[in-house]
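Visitor: Got coords_7.cif for you, mmCIF, C-alpha atoms:
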```
data_upload
#
loop_
_atom_site.label_atom_id
_atom_site.label_comp_id
_atom_site.auth_asym_id
_atom_site.auth_seq_id
_atom_site.Cartn_x
_atom_site.Cartn_y
_atom_site.Cartn_z
CA MET A 1 -85.82 -62.36 66.31
CA LYS A 2 -86.68 -64.67 69.21
CA ILE A 3 -83.14 -66.02 69.24
CA TRP A 4 -81.68 -62.50 69.57
CA ALA A 5 -84.06 -61.75 72.40
CA GLY A 6 -82.89 -64.94 74.14
CA VAL A 7 -79.23 -63.99 73.64
CA PHE A 8 -79.93 -60.54 75.04
CA VAL A 9 -81.59 -61.96 78.16
CA ILE A 10 -78.66 -64.35 78.74
CA LEU A 11 -76.16 -61.51 78.33
CA VAL A 12 -78.03 -59.29 80.80
CA ALA A 13 -78.15 -62.16 83.29
CA CYS A 14 -74.38 -62.72 82.90
CA PHE A 15 -73.64 -59.01 83.47
CA GLN A 16 -75.85 -58.93 86.55
CA LEU A 17 -74.14 -62.00 87.96
CA ALA A 18 -70.72 -60.46 87.36
CA GLY A 19 -71.85 -57.21 88.99
CA ALA A 20 -73.19 -59.03 92.00
CA GLN A 21 -69.93 -60.90 92.46
CA GLN A 22 -67.92 -57.68 92.14
CA THR A 23 -69.97 -55.92 94.78
CA GLY A 24 -69.86 -58.94 97.04
CA LEU A 25 -73.63 -59.42 96.84
CA SER A 26 -73.20 -63.15 96.60
CA GLY A 27 -72.38 -63.32 100.30
CA GLY A 28 -69.29 -65.38 99.47
CA ASP A 29 -66.08 -65.39 101.50
CA GLN A 30 -63.74 -64.28 98.69
CA ASP A 31 -63.72 -60.66 99.91
CA PHE A 32 -62.18 -61.37 103.28
CA GLN A 33 -58.46 -60.77 103.66
CA VAL A 34 -57.13 -63.17 106.25
CA ASP A 35 -53.61 -64.48 106.78
CA PRO A 36 -53.09 -68.26 106.80
CA SER A 37 -53.10 -68.36 110.60
CA GLN A 38 -56.67 -67.08 110.50
CA GLU A 39 -57.88 -69.66 108.00
CA ILE A 40 -60.07 -71.01 110.78
CA LEU A 41 -62.19 -67.87 110.52
CA ILE A 42 -62.95 -68.58 106.88
CA ARG A 43 -63.93 -72.12 107.80
CA ALA A 44 -66.16 -70.77 110.59
CA TYR A 45 -67.73 -68.35 108.11
CA ARG A 46 -68.54 -71.16 105.70
CA MET A 47 -70.02 -73.27 108.48
CA LEU A 48 -72.18 -70.39 109.62
CA ALA A 49 -73.28 -69.66 106.07
CA ASN A 50 -74.09 -73.14 104.88
CA GLY A 51 -73.49 -75.61 107.69
CA THR A 52 -75.75 -77.70 109.88
CA LEU A 53 -76.92 -76.36 113.23
CA ASP A 54 -74.01 -78.07 115.01
CA GLU A 55 -71.53 -76.59 112.57
CA LYS A 56 -73.10 -73.17 112.98
CA ASN A 57 -72.69 -73.39 116.73
CA LYS A 58 -69.02 -74.35 116.25
CA GLY A 59 -68.62 -71.36 113.95
CA LEU A 60 -70.16 -69.12 116.59
CA ALA A 61 -67.67 -70.40 119.14
CA VAL A 62 -64.77 -69.54 116.82
CA PHE A 63 -66.16 -66.05 116.21
CA ARG A 64 -66.72 -65.51 119.91
CA GLU A 65 -63.03 -66.20 120.60
CA ASN A 66 -61.90 -63.81 117.87
CA THR A 67 -64.02 -60.70 118.36
CA ASP A 68 -60.85 -58.60 118.52
CA LYS A 69 -60.16 -59.30 114.83
CA ALA A 70 -61.57 -56.75 112.38
CA VAL A 71 -62.47 -59.39 109.84
CA VAL A 72 -64.94 -61.00 112.27
CA VAL A 73 -66.97 -57.79 112.23
CA ASP A 74 -67.13 -57.85 108.42
CA MET A 75 -68.02 -61.53 108.46
CA CYS A 76 -70.83 -61.07 111.00
CA VAL A 77 -72.27 -58.19 108.98
CA LYS A 78 -72.18 -60.19 105.77
CA LEU A 79 -73.63 -63.31 107.36
CA LEU A 80 -76.47 -61.41 108.99
CA THR A 81 -77.19 -59.55 105.76
CA TYR A 82 -77.19 -62.47 103.34
CA PHE A 83 -77.86 -65.64 105.33
CA PHE A 84 -80.06 -64.72 108.28
CA GLN A 85 -82.82 -62.54 106.82
CA ASN A 86 -85.41 -65.04 105.69
CA PRO A 87 -88.65 -63.44 104.44
CA LYS A 88 -90.38 -66.78 104.96
CA PHE A 89 -89.48 -66.88 108.66
CA ARG A 90 -92.02 -68.57 110.91
CA GLU A 91 -91.54 -69.28 114.60
CA ASP A 92 -93.26 -72.66 114.30
CA ASP A 93 -90.73 -73.87 111.74
CA GLU A 94 -88.00 -75.52 113.79
CA THR A 95 -85.20 -75.01 111.22
CA LEU A 96 -85.98 -71.35 110.66
CA TYR A 97 -86.39 -70.84 114.40
CA GLN A 98 -82.99 -72.39 115.19
CA ASN A 99 -81.40 -70.40 112.39
CA ASP A 100 -82.73 -67.24 113.97
CA VAL A 101 -81.32 -68.29 117.35
CA VAL A 102 -77.93 -68.39 115.59
CA ALA A 103 -78.70 -64.93 114.16
CA GLU A 104 -79.35 -63.62 117.66
CA LYS A 105 -76.00 -64.97 118.85
CA LEU A 106 -74.28 -63.41 115.85
CA VAL A 107 -75.91 -60.06 116.60
CA LYS A 108 -74.66 -60.29 120.18
CA ILE A 109 -71.12 -61.12 119.02
CA LEU A 110 -71.23 -58.17 116.64
CA GLY A 111 -72.73 -56.00 119.38
CA ASN A 112 -69.85 -56.83 121.71
CA THR A 113 -67.42 -55.33 119.19
CA LYS A 114 -69.28 -51.97 119.46
CA SER A 115 -68.41 -51.42 115.81
CA GLN A 116 -70.22 -48.81 113.69
CA LYS A 117 -70.17 -51.25 110.80
CA GLY A 118 -72.98 -53.16 112.49
CA PHE A 119 -75.44 -50.26 112.31
CA PRO A 120 -77.00 -51.00 108.88
CA VAL A 121 -77.62 -54.63 109.73
CA TYR A 122 -79.08 -53.82 113.16
CA LEU A 123 -81.34 -51.31 111.44
CA GLN A 124 -82.34 -53.91 108.87
CA ILE A 125 -83.31 -56.33 111.64
CA VAL A 126 -85.28 -53.86 113.74
CA MET A 127 -87.08 -52.55 110.68
CA THR A 128 -88.26 -56.04 109.72
CA PRO A 129 -89.19 -57.52 113.12
CA TYR A 130 -91.70 -59.91 111.55
CA ILE A 131 -88.92 -62.06 110.05
CA HIS A 132 -87.08 -62.53 113.35
CA ARG A 133 -87.78 -63.69 116.87
CA ASN A 134 -88.38 -60.99 119.46
CA ASP A 135 -85.09 -61.87 121.16
CA THR A 136 -83.14 -61.26 117.96
CA VAL A 137 -84.84 -57.93 117.38
CA LYS A 138 -84.17 -56.94 120.98
CA ALA A 139 -80.52 -57.96 120.64
CA ALA A 140 -80.29 -55.74 117.55
CA TRP A 141 -81.80 -52.77 119.42
CA TYR A 142 -79.37 -53.10 122.30
CA SER A 143 -76.41 -53.70 120.00
CA MET A 144 -77.35 -50.50 118.15
CA ALA A 145 -77.45 -48.69 121.48
CA ALA A 146 -74.02 -50.08 122.40
CA ILE A 147 -72.21 -48.81 119.28
CA ASP A 148 -69.17 -46.75 120.09
CA TRP A 149 -69.52 -43.71 117.81
CA MET B 1 -123.69 -55.83 86.92
CA MET B 2 -120.02 -56.24 87.81
CA LYS B 3 -119.52 -52.64 88.97
CA PRO B 4 -121.24 -52.99 92.39
CA PHE B 5 -119.22 -56.14 92.99
CA PHE B 6 -115.90 -54.38 92.34
CA LEU B 7 -117.03 -51.41 94.43
CA LEU B 8 -117.83 -53.73 97.33
CA LEU B 9 -114.50 -55.49 96.87
CA SER B 10 -112.51 -52.23 96.92
CA VAL B 11 -114.37 -51.01 100.03
CA LEU B 12 -113.57 -54.33 101.72
CA ALA B 13 -109.90 -54.05 100.69
CA MET B 14 -109.71 -50.50 102.07
CA PHE B 15 -111.29 -51.65 105.33
CA LEU B 16 -108.78 -54.49 105.67
CA ALA B 17 -105.86 -52.21 104.77
CA THR B 18 -106.90 -49.68 107.43
CA GLY B 19 -107.09 -52.44 110.03
CA THR B 20 -103.66 -53.75 109.07
CA LEU B 21 -102.12 -50.28 109.18
CA SER B 22 -103.43 -49.50 112.63
CA ALA B 23 -102.21 -52.88 113.87
CA GLN B 24 -98.78 -52.12 112.40
CA TYR B 25 -98.68 -48.69 114.06
CA GLN B 26 -99.49 -50.28 117.36
CA ARG B 27 -96.76 -52.88 116.91
CA SER B 28 -94.21 -50.27 115.82
CA THR B 29 -94.37 -48.37 119.06
CA ILE B 30 -94.50 -51.46 121.21
CA ASP B 31 -91.45 -53.26 119.85
CA VAL B 32 -88.97 -50.48 120.64
CA PRO B 33 -87.67 -51.32 124.13
CA ASP B 34 -88.65 -48.76 126.77
CA ASP B 35 -85.18 -48.47 128.26
CA LEU B 36 -83.41 -48.07 124.90
CA LYS B 37 -80.85 -45.27 124.85
CA ILE B 38 -79.27 -44.60 121.46
CA PRO B 39 -76.00 -42.64 121.35
CA GLU B 40 -75.99 -39.26 119.63
CA GLY B 41 -73.59 -40.46 116.94
CA ALA B 42 -76.39 -42.49 115.36
CA LEU B 43 -78.48 -39.40 114.50
CA PRO B 44 -77.09 -38.77 110.96
CA LYS B 45 -77.61 -42.44 110.07
CA LEU B 46 -81.12 -42.45 111.50
CA ARG B 47 -81.94 -39.27 109.58
CA GLU B 48 -80.67 -40.82 106.37
CA ALA B 49 -82.69 -43.99 107.02
CA PHE B 50 -85.86 -42.02 107.79
CA PHE B 51 -85.87 -39.97 104.62
CA ARG B 52 -84.93 -42.97 102.52
CA THR B 53 -87.62 -45.35 103.69
CA GLN B 54 -91.06 -45.33 102.10
CA ASP B 55 -92.36 -47.80 104.65
CA TRP B 56 -94.67 -45.95 107.06
CA ASP B 57 -94.31 -48.62 109.70
CA GLY B 58 -90.52 -48.22 109.49
CA GLN B 59 -90.81 -44.44 109.69
CA VAL B 60 -92.76 -44.74 112.94
CA ARG B 61 -90.13 -47.08 114.35
CA LEU B 62 -87.35 -44.71 113.32
CA VAL B 63 -89.00 -41.66 114.88
CA VAL B 64 -89.39 -43.57 118.15
CA THR B 65 -85.72 -44.56 117.90
CA ILE B 66 -84.69 -40.93 117.27
CA SER B 67 -86.70 -39.89 120.32
CA ARG B 68 -84.58 -42.31 122.36
CA VAL B 69 -81.31 -40.66 121.39
CA THR B 70 -79.56 -39.31 124.45
CA ASN B 71 -78.06 -35.86 124.16
CA ASP B 72 -77.96 -32.69 126.17
CA ASP B 73 -78.44 -30.23 123.35
CA LEU B 74 -81.30 -30.08 120.85
CA LYS B 75 -79.88 -32.07 117.95
CA LYS B 76 -82.43 -34.87 118.14
CA TYR B 77 -85.27 -32.37 118.54
CA ASP B 78 -83.99 -30.45 115.51
CA LEU B 79 -84.31 -33.65 113.51
CA LEU B 80 -87.74 -34.39 114.96
CA SER B 81 -88.79 -30.84 114.07
CA GLU B 82 -87.59 -31.42 110.51
CA ILE B 83 -89.72 -34.57 110.37
CA ALA B 84 -92.73 -32.89 112.01
CA THR B 85 -92.76 -30.03 109.52
CA TRP B 86 -91.51 -32.12 106.58
CA ASP B 87 -94.72 -31.66 104.71
CA VAL B 88 -96.86 -29.14 106.51
CA ASN B 89 -99.45 -29.31 103.78
CA GLY B 90 -99.70 -33.09 104.19
CA GLY B 91 -102.71 -34.84 102.74
CA ILE B 92 -103.13 -38.04 100.81
CA GLY B 93 -100.85 -38.23 97.77
CA ALA B 94 -98.95 -35.09 98.74
CA THR B 95 -96.56 -36.74 101.13
CA ASN B 96 -94.67 -39.93 101.74
CA THR B 97 -94.37 -39.29 105.43
CA SER B 98 -96.40 -41.32 107.88
CA THR B 99 -98.93 -39.21 109.80
CA PHE B 100 -98.35 -41.27 112.90
CA ALA B 101 -94.57 -40.76 112.65
CA ARG B 102 -95.13 -37.01 112.43
CA VAL B 103 -97.53 -37.09 115.39
CA ILE B 104 -94.86 -38.80 117.51
CA ALA B 105 -92.25 -36.26 116.35
CA ILE B 106 -94.55 -33.33 117.23
CA SER B 107 -95.32 -34.84 120.60
CA ASN B 108 -91.59 -35.01 121.33
CA LEU B 109 -91.19 -31.34 120.47
CA GLY B 110 -93.61 -30.62 123.30
CA ILE B 111 -91.53 -32.76 125.64
CA SER B 112 -88.46 -30.69 124.68
CA LYS B 113 -90.23 -27.58 126.07
CA SER B 114 -87.94 -25.55 123.85
CA VAL B 115 -89.21 -22.24 122.47
CA THR B 116 -87.14 -22.86 119.33
CA TYR B 117 -89.95 -25.01 117.95
CA ILE B 118 -92.83 -22.56 118.48
CA PRO B 119 -92.81 -21.22 114.87
CA GLY B 120 -92.79 -24.73 113.40
CA LEU B 121 -95.65 -25.88 115.61
CA LEU B 122 -97.67 -22.75 114.84
CA SER B 123 -97.14 -23.35 111.13
CA ILE B 124 -98.48 -26.90 111.52
CA LEU B 125 -101.52 -25.55 113.35
CA ASN B 126 -102.02 -22.92 110.67
CA SER B 127 -101.38 -24.84 107.46
CA ASP B 128 -101.32 -28.59 107.98
CA LYS B 129 -104.21 -30.42 106.35
CA LEU B 130 -104.15 -33.33 108.77
CA LYS B 131 -106.29 -33.14 111.88
CA ASP B 132 -104.12 -35.42 114.03
CA THR B 133 -100.91 -33.45 113.49
CA ARG B 134 -102.66 -30.15 114.26
CA ILE B 135 -104.15 -31.53 117.48
CA GLU B 136 -100.72 -32.78 118.53
CA ALA B 137 -99.16 -29.40 117.68
CA ALA B 138 -101.69 -27.69 119.97
CA LYS B 139 -100.81 -30.10 122.78
CA ALA B 140 -97.07 -29.53 122.24
CA LEU B 141 -97.61 -25.76 122.31
CA SER B 142 -99.39 -26.20 125.61
CA LEU B 143 -96.34 -27.91 127.17
CA ILE B 144 -93.94 -25.34 125.72
CA GLY B 145 -96.20 -22.37 126.58
CA VAL B 146 -96.54 -23.34 130.24
CA ALA B 147 -92.75 -23.54 130.61
CA ALA B 148 -91.88 -20.54 128.40
CA ASP B 149 -90.89 -17.01 129.41
CA ASP B 150 -93.42 -14.14 129.16
CA VAL B 151 -92.43 -13.05 125.65
CA ASN B 152 -92.70 -16.48 124.08
CA ARG B 153 -95.84 -17.33 126.01
CA MET B 154 -97.45 -14.15 124.72
CA ASN B 155 -96.31 -15.05 121.21
CA ILE B 156 -98.12 -18.39 121.44
CA VAL B 157 -101.27 -16.99 123.04
CA THR B 158 -101.56 -14.11 120.54
CA ARG B 159 -101.25 -16.44 117.56
CA LEU B 160 -103.72 -18.97 118.98
CA ILE B 161 -106.28 -16.21 119.60
CA GLU B 162 -105.81 -15.01 116.02
CA LEU B 163 -106.47 -18.53 114.75
CA LEU B 164 -109.63 -18.87 116.85
CA ASN B 165 -110.96 -15.51 115.66
CA ASP B 166 -110.05 -15.98 112.00
CA PRO B 167 -113.11 -16.93 109.87
CA GLN B 168 -110.71 -18.61 107.42
CA LYS B 169 -109.38 -20.87 110.16
CA TYR B 170 -111.28 -21.79 113.34
CA ASN B 171 -114.08 -19.22 113.57
CA PHE B 172 -116.72 -21.13 111.62
CA LEU B 173 -119.40 -18.70 110.51
CA ASN B 174 -121.69 -21.30 108.93
CA PHE B 175 -121.06 -24.29 111.11
CA ASN B 176 -123.95 -26.71 111.44
CA ARG B 177 -123.41 -28.09 114.93
CA ALA B 178 -125.87 -30.93 114.50
CA ASP B 179 -124.17 -32.31 111.40
CA ARG B 180 -121.21 -34.57 112.16
CA GLN B 181 -120.46 -34.65 108.43
CA ASP B 182 -120.07 -30.87 108.32
CA LYS B 183 -116.85 -29.85 106.60
CA PHE B 184 -115.81 -27.91 109.71
CA PHE B 185 -116.31 -30.84 112.06
CA ASN B 186 -112.68 -32.04 112.01
CA ASP B 187 -111.39 -28.48 112.17
CA ASP B 188 -113.51 -27.92 115.25
CA ILE B 189 -111.84 -30.86 117.00
CA VAL B 190 -108.59 -28.95 116.44
CA ALA B 191 -110.26 -25.77 117.74
CA GLU B 192 -111.11 -27.68 120.92
CA SER B 193 -107.41 -28.56 121.33
CA ILE B 194 -106.44 -24.90 120.85
CA VAL B 195 -108.96 -23.90 123.52
CA ASN B 196 -107.49 -26.51 125.88
CA THR B 197 -104.00 -25.13 125.19
CA LEU B 198 -105.17 -21.60 126.04
CA GLY B 199 -106.68 -23.00 129.24
CA ASP B 200 -103.40 -24.73 130.14
CA ILE B 201 -101.44 -21.52 129.62
CA GLY B 202 -104.12 -19.53 131.46
CA ASP B 203 -103.25 -16.09 130.14
CA PRO B 204 -106.05 -13.49 130.71
CA LYS B 205 -105.58 -12.20 127.16
CA CYS B 206 -107.51 -15.19 125.78
CA PHE B 207 -110.70 -14.41 127.69
CA GLY B 208 -112.31 -12.51 124.78
CA ALA B 209 -111.71 -15.32 122.30
CA LEU B 210 -113.13 -17.90 124.71
CA LEU B 211 -116.15 -15.75 125.39
CA ASN B 212 -116.78 -15.51 121.64
CA ILE B 213 -116.89 -19.30 121.42
CA VAL B 214 -119.51 -19.68 124.14
CA ASN B 215 -121.55 -16.70 122.86
CA GLN B 216 -121.57 -17.40 119.15
CA GLN B 217 -122.35 -21.11 119.54
CA ASN B 218 -120.74 -21.86 116.17
CA HIS B 219 -118.72 -24.77 117.57
CA ARG B 220 -119.41 -28.29 118.78
CA ASP B 221 -120.71 -28.75 122.31
CA GLU B 222 -117.35 -30.22 123.31
CA THR B 223 -115.50 -27.09 122.18
CA ILE B 224 -117.95 -24.79 123.94
CA GLN B 225 -117.61 -26.86 127.11
CA ALA B 226 -113.80 -26.70 126.79
CA ALA B 227 -114.05 -22.90 126.44
CA TRP B 228 -116.03 -22.66 129.69
CA LEU B 229 -113.45 -24.79 131.49
CA ALA B 230 -110.57 -22.79 129.98
CA MET B 231 -112.12 -19.55 131.22
CA LYS B 232 -112.20 -21.00 134.72
CA ARG B 233 -108.51 -21.79 134.48
CA ILE B 234 -107.40 -18.27 133.57
CA ARG B 235 -104.96 -16.88 136.10
CA TRP B 236 -106.12 -13.32 136.67
CA TYR B 237 -103.31 -12.22 138.96
#
```
Could you quickly redo this structure as structure tokens?
Guide:
Amino acid sequence: MKIWAGVFVILVACFQLAGAQQTGLSGGDQDFQVDPSQEILIRAYRMLANGTLDEKNKGLAVFRENTDKAVVVDMCVKLLTYFFQNPKFREDDETLYQNDVVAEKLVKILGNTKSQKGFPVYLQIVMTPYIHRNDTVKAAWYSMAAIDW
Amino acid sequence: MMKPFFLLLSVLAMFLATGTLSAQYQRSTIDVPDDLKIPEGALPKLREAFFRTQDWDGQVRLVVTISRVTNDDLKKYDLLSEIATWDVNGGIGATNTSTFARVIAISNLGISKSVTYIPGLLSILNSDKLKDTRIEAAKALSLIGVAADDVNRMNIVTRLIELLNDPQKYNFLNFNRADRQDKFFNDDIVAESIVNTLGDIGDPKCFGALLNIVNQQNHRDETIQAAWLAMKRIRWY
């Protein structure tokens, strides 16, 4: 009986994992359609998602130069949703603080696009101000106000 | 032996929760930038977010955001009216809407000065169980009534006088003025707001109702004092 219960739990876990990957909940870069000339954007995305602070800043620079590309909007939204909402955020933790500085810059890049796609993530940030710095929250407010509807 | 301990613990938890909530309310209104101007296109999304969230702190933040939407017509006020009257019967357990969010929405209806919202505000004053929302509705009616045309002003004044004279509402026949625990005590704070609204509007028609309050002495001292002041403010010409 216990074995069957174990098998059932493993199966459920596998299905959930598959579902998450299908809906893009993993925050991975496999959903983005970019041509080979834009491969640099994928690299920037990966750096922003999992890189060091230096790499993240390089990624930001790449994004900043490519705000006219639609995929950058999608990437910013996904990054802010899955990599820059830390429930354990504390201002006195240097790593978390610096990560949130990157989040603020990402919000500003997304805000400059005036895209409606940014709305849910801005809302998410302003609704949970205790897991961000004030500057990030403020950037989200003003980016929300700047959306071109 | 353990029962008093658990009772004490639950009272302490309630006390802490109340403190946390009020701190959150305060923070909610503060962290929305004063100069924020949200475009009208965001209204449907904000509406969706408001009715989806169960977080009272978030609801307050969203109502403040809705109030910052810039538009010339009444779309944002229509949404705020929907929120204000979302659960007119209110009360603990009967609603998932934050009282403070509703108070902010009602306050904005007053700022709109639009007569469209008079029926909704009167229904809050008549049927809402929450003291704070009723007080805010009276204040909003004051702002609208002062700016309204004769017909709508008369509509407000007539209904407010009816409420003050109605023994089922704000004419407390067995009110013990000395007892702050009296069941009418909170209702009488609302009555005081209604009296102030009548004073702001200053229509002579309310004189009789105000005179009743000072004669019958079945209200708190504050309400009776407000009635005297309101009588002074009546515009007789």
Visitor: Using all atoms listed in the file, which residues sit within 10 Å of stretch 45-56 of chain A once same-chain residues fewer than 4 positions away are excluded, as a ChimeraX atom specification?
Guide: /A:27-29,39-41,60-63,72,75-76,78-80,82-84,95,98-99,102-103,106
Visitor: Go ahead and save the picked residues with C-alpha atoms, as a short mmCIF file (atom, residue, chain, number, x, y, z; two decimals), in the coordinates of the input.
Guide:
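This is the output file again.cif:
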```cif
data_model
loop_
_atom_site.label_atom_id
_atom_site.label_comp_id
_atom_site.auth_asym_id
_atom_site.auth_seq_id
_atom_site.Cartn_x
_atom_site.Cartn_y
_atom_site.Cartn_z
CA GLY A 27 -72.38 -63.32 100.30
CA GLY A 28 -69.29 -65.38 99.47
CA ASP A 29 -66.08 -65.39 101.50
CA GLU A 39 -57.88 -69.66 108.00
CA ILE A 40 -60.07 -71.01 110.78
CA LEU A 41 -62.19 -67.87 110.52
CA LEU A 60 -70.16 -69.12 116.59
CA ALA A 61 -67.67 -70.40 119.14
CA VAL A 62 -64.77 -69.54 116.82
CA PHE A 63 -66.16 -66.05 116.21
CA VAL A 72 -64.94 -61.00 112.27
CA MET A 75 -68.02 -61.53 108.46
CA CYS A 76 -70.83 -61.07 111.00
CA LYS A 78 -72.18 -60.19 105.77
CA LEU A 79 -73.63 -63.31 107.36
CA LEU A 80 -76.47 -61.41 108.99
CA TYR A 82 -77.19 -62.47 103.34
CA PHE A 83 -77.86 -65.64 105.33
CA PHE A 84 -80.06 -64.72 108.28
CA THR A 95 -85.20 -75.01 111.22
CA GLN A 98 -82.99 -72.39 115.19
CA ASN A 99 -81.40 -70.40 112.39
CA VAL A 102 -77.93 -68.39 115.59
CA ALA A 103 -78.70 -64.93 114.16
CA LEU A 106 -74.28 -63.41 115.85
#
```
Visitor: Please indicate the distance in Å from atom CA of B:Lys205 to atom CA of B:Gln217, rounded to one decimal place.
Guide: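 Between these atoms lies a distance of 20.5 Å.
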Visitor: Report, in Å to a single decimal, how far apart atom CA of A:Pro129 and atom CA of A:Tyr97 are.
Guide: 13.7 Å
Visitor: Find the distance between atom CA of A:Ala70 and atom CA of A:Leu110 and write it in Å to one decimal.
Guide: 10.7 Å
Visitor: List every residue of chain B that has an atom at most 12 Å from any atom of chain A, giving for each one its closest atom pair and the distance in Å to one decimal, counting only C-alpha atoms, sorted by chain and then by ascending residue number, as JSON lines.
Guide:
```
{"residue": "B:Gln24", "atom": "CA", "partner": "A:Tyr130", "partner_atom": "CA", "distance": 10.6}
{"residue": "B:Arg27", "atom": "CA", "partner": "A:Pro129", "partner_atom": "CA", "distance": 9.7}
{"residue": "B:Ser28", "atom": "CA", "partner": "A:Met127", "partner_atom": "CA", "distance": 9.1}
{"residue": "B:Thr29", "atom": "CA", "partner": "A:Met127", "partner_atom": "CA", "distance": 11.9}
{"residue": "B:Ile30", "atom": "CA", "partner": "A:Pro129", "partner_atom": "CA", "distance": 11.4}
{"residue": "B:Asp31", "atom": "CA", "partner": "A:Lys138", "partner_atom": "CA", "distance": 8.2}
{"residue": "B:Val32", "atom": "CA", "partner": "A:Trp141", "partner_atom": "CA", "distance": 7.6}
{"residue": "B:Pro33", "atom": "CA", "partner": "A:Lys138", "partner_atom": "CA", "distance": 7.3}
{"residue": "B:Asp34", "atom": "CA", "partner": "A:Trp141", "partner_atom": "CA", "distance": 10.8}
{"residue": "B:Asp35", "atom": "CA", "partner": "A:Tyr142", "partner_atom": "CA", "distance": 9.5}
{"residue": "B:Leu36", "atom": "CA", "partner": "A:Ala145", "partner_atom": "CA", "distance": 6.9}
{"residue": "B:Lys37", "atom": "CA", "partner": "A:Ala145", "partner_atom": "CA", "distance": 5.9}
{"residue": "B:Ile38", "atom": "CA", "partner": "A:Ala145", "partner_atom": "CA", "distance": 4.5}
{"residue": "B:Pro39", "atom": "CA", "partner": "A:Ala145", "partner_atom": "CA", "distance": 6.2}
{"residue": "B:Glu40", "atom": "CA", "partner": "A:Trp149", "partner_atom": "CA", "distance": 8.1}
{"residue": "B:Gly41", "atom": "CA", "partner": "A:Trp149", "partner_atom": "CA", "distance": 5.3}
{"residue": "B:Ala42", "atom": "CA", "partner": "A:Trp149", "partner_atom": "CA", "distance": 7.4}
{"residue": "B:Leu43", "atom": "CA", "partner": "A:Trp149", "partner_atom": "CA", "distance": 10.5}
{"residue": "B:Pro44", "atom": "CA", "partner": "A:Trp149", "partner_atom": "CA", "distance": 11.3}
{"residue": "B:Lys45", "atom": "CA", "partner": "A:Phe119", "partner_atom": "CA", "distance": 8.4}
{"residue": "B:Leu46", "atom": "CA", "partner": "A:Leu123", "partner_atom": "CA", "distance": 8.9}
{"residue": "B:Glu48", "atom": "CA", "partner": "A:Pro120", "partner_atom": "CA", "distance": 11.1}
{"residue": "B:Ala49", "atom": "CA", "partner": "A:Leu123", "partner_atom": "CA", "distance": 8.7}
{"residue": "B:Phe50", "atom": "CA", "partner": "A:Leu123", "partner_atom": "CA", "distance": 11.0}
{"residue": "B:Thr53", "atom": "CA", "partner": "A:Met127", "partner_atom": "CA", "distance": 10.0}
{"residue": "B:Gln54", "atom": "CA", "partner": "A:Met127", "partner_atom": "CA", "distance": 11.9}
{"residue": "B:Asp55", "atom": "CA", "partner": "A:Met127", "partner_atom": "CA", "distance": 9.3}
{"residue": "B:Trp56", "atom": "CA", "partner": "A:Met127", "partner_atom": "CA", "distance": 10.7}
{"residue": "B:Asp57", "atom": "CA", "partner": "A:Met127", "partner_atom": "CA", "distance": 8.3}
{"residue": "B:Gly58", "atom": "CA", "partner": "A:Met127", "partner_atom": "CA", "distance": 5.7}
{"residue": "B:Gln59", "atom": "CA", "partner": "A:Met127", "partner_atom": "CA", "distance": 9.0}
{"residue": "B:Val60", "atom": "CA", "partner": "A:Met127", "partner_atom": "CA", "distance": 9.9}
{"residue": "B:Arg61", "atom": "CA", "partner": "A:Met127", "partner_atom": "CA", "distance": 7.3}
{"residue": "B:Leu62", "atom": "CA", "partner": "A:Met127", "partner_atom": "CA", "distance": 8.3}
{"residue": "B:Val63", "atom": "CA", "partner": "A:Met127", "partner_atom": "CA", "distance": 11.8}
{"residue": "B:Val64", "atom": "CA", "partner": "A:Met127", "partner_atom": "CA", "distance": 11.9}
{"residue": "B:Thr65", "atom": "CA", "partner": "A:Trp141", "partner_atom": "CA", "distance": 9.2}
{"residue": "B:Ile66", "atom": "CA", "partner": "A:Ala145", "partner_atom": "CA", "distance": 11.4}
{"residue": "B:Arg68", "atom": "CA", "partner": "A:Ala145", "partner_atom": "CA", "distance": 9.6}
{"residue": "B:Val69", "atom": "CA", "partner": "A:Ala145", "partner_atom": "CA", "distance": 8.9}
{"residue": "B:Thr70", "atom": "CA", "partner": "A:Ala145", "partner_atom": "CA", "distance": 10.1}
```
Visitor: Would you pick out the contacts of B:Asn218 at 8 Å or less, using only C-alpha atoms, so that residues sharing its chain but fewer than 6 positions from it are not included, and give the list as a list in words?
Guide: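 Close residues of B:Asn218: Asn171, Phe172, Leu173, Asn174, Phe175, Asn176 and Arg177 of chain B.
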Visitor: Quick one: everything within 7 Å of stretch 124-126 of chain B, counting all atoms listed in the file, minus sequence neighbours fewer than 5 positions away in the same chain. Send it as a VMD selection string.
Guide: chain B and resid 85 88 134 137 to 138
Visitor: For B:Asp132, please output as a PDB file with C-alpha atoms, keeping the file's coordinate frame all residues within 9 Å (counting only C-alpha atoms; exclusion window: fewer than 3 positions along the same chain).
Guide:
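Result written to part02.pdb:
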```
ATOM      1  CA  THR B  99     -98.930 -39.210 109.800  1.00  0.00           C
ATOM      2  CA  PHE B 100     -98.350 -41.270 112.900  1.00  0.00           C
ATOM      3  CA  VAL B 103     -97.530 -37.090 115.390  1.00  0.00           C
ATOM      4  CA  ILE B 135    -104.150 -31.530 117.480  1.00  0.00           C
ATOM      5  CA  GLU B 136    -100.720 -32.780 118.530  1.00  0.00           C
ATOM      6  CA  ALA B 137     -99.160 -29.400 117.680  1.00  0.00           C
ATOM      7  CA  VAL B 190    -108.590 -28.950 116.440  1.00  0.00           C
TER       8      VAL B 190
END
```
Visitor: Determine, counting all atoms listed in the file, which protein, DNA and RNA residues have an atom within 7 Å of an atom of B:Met231; residues of the same chain fewer than 6 positions away are not included. Present the result as a list in words.
Guide: Gly199, Phe207 and Leu210 of chain B
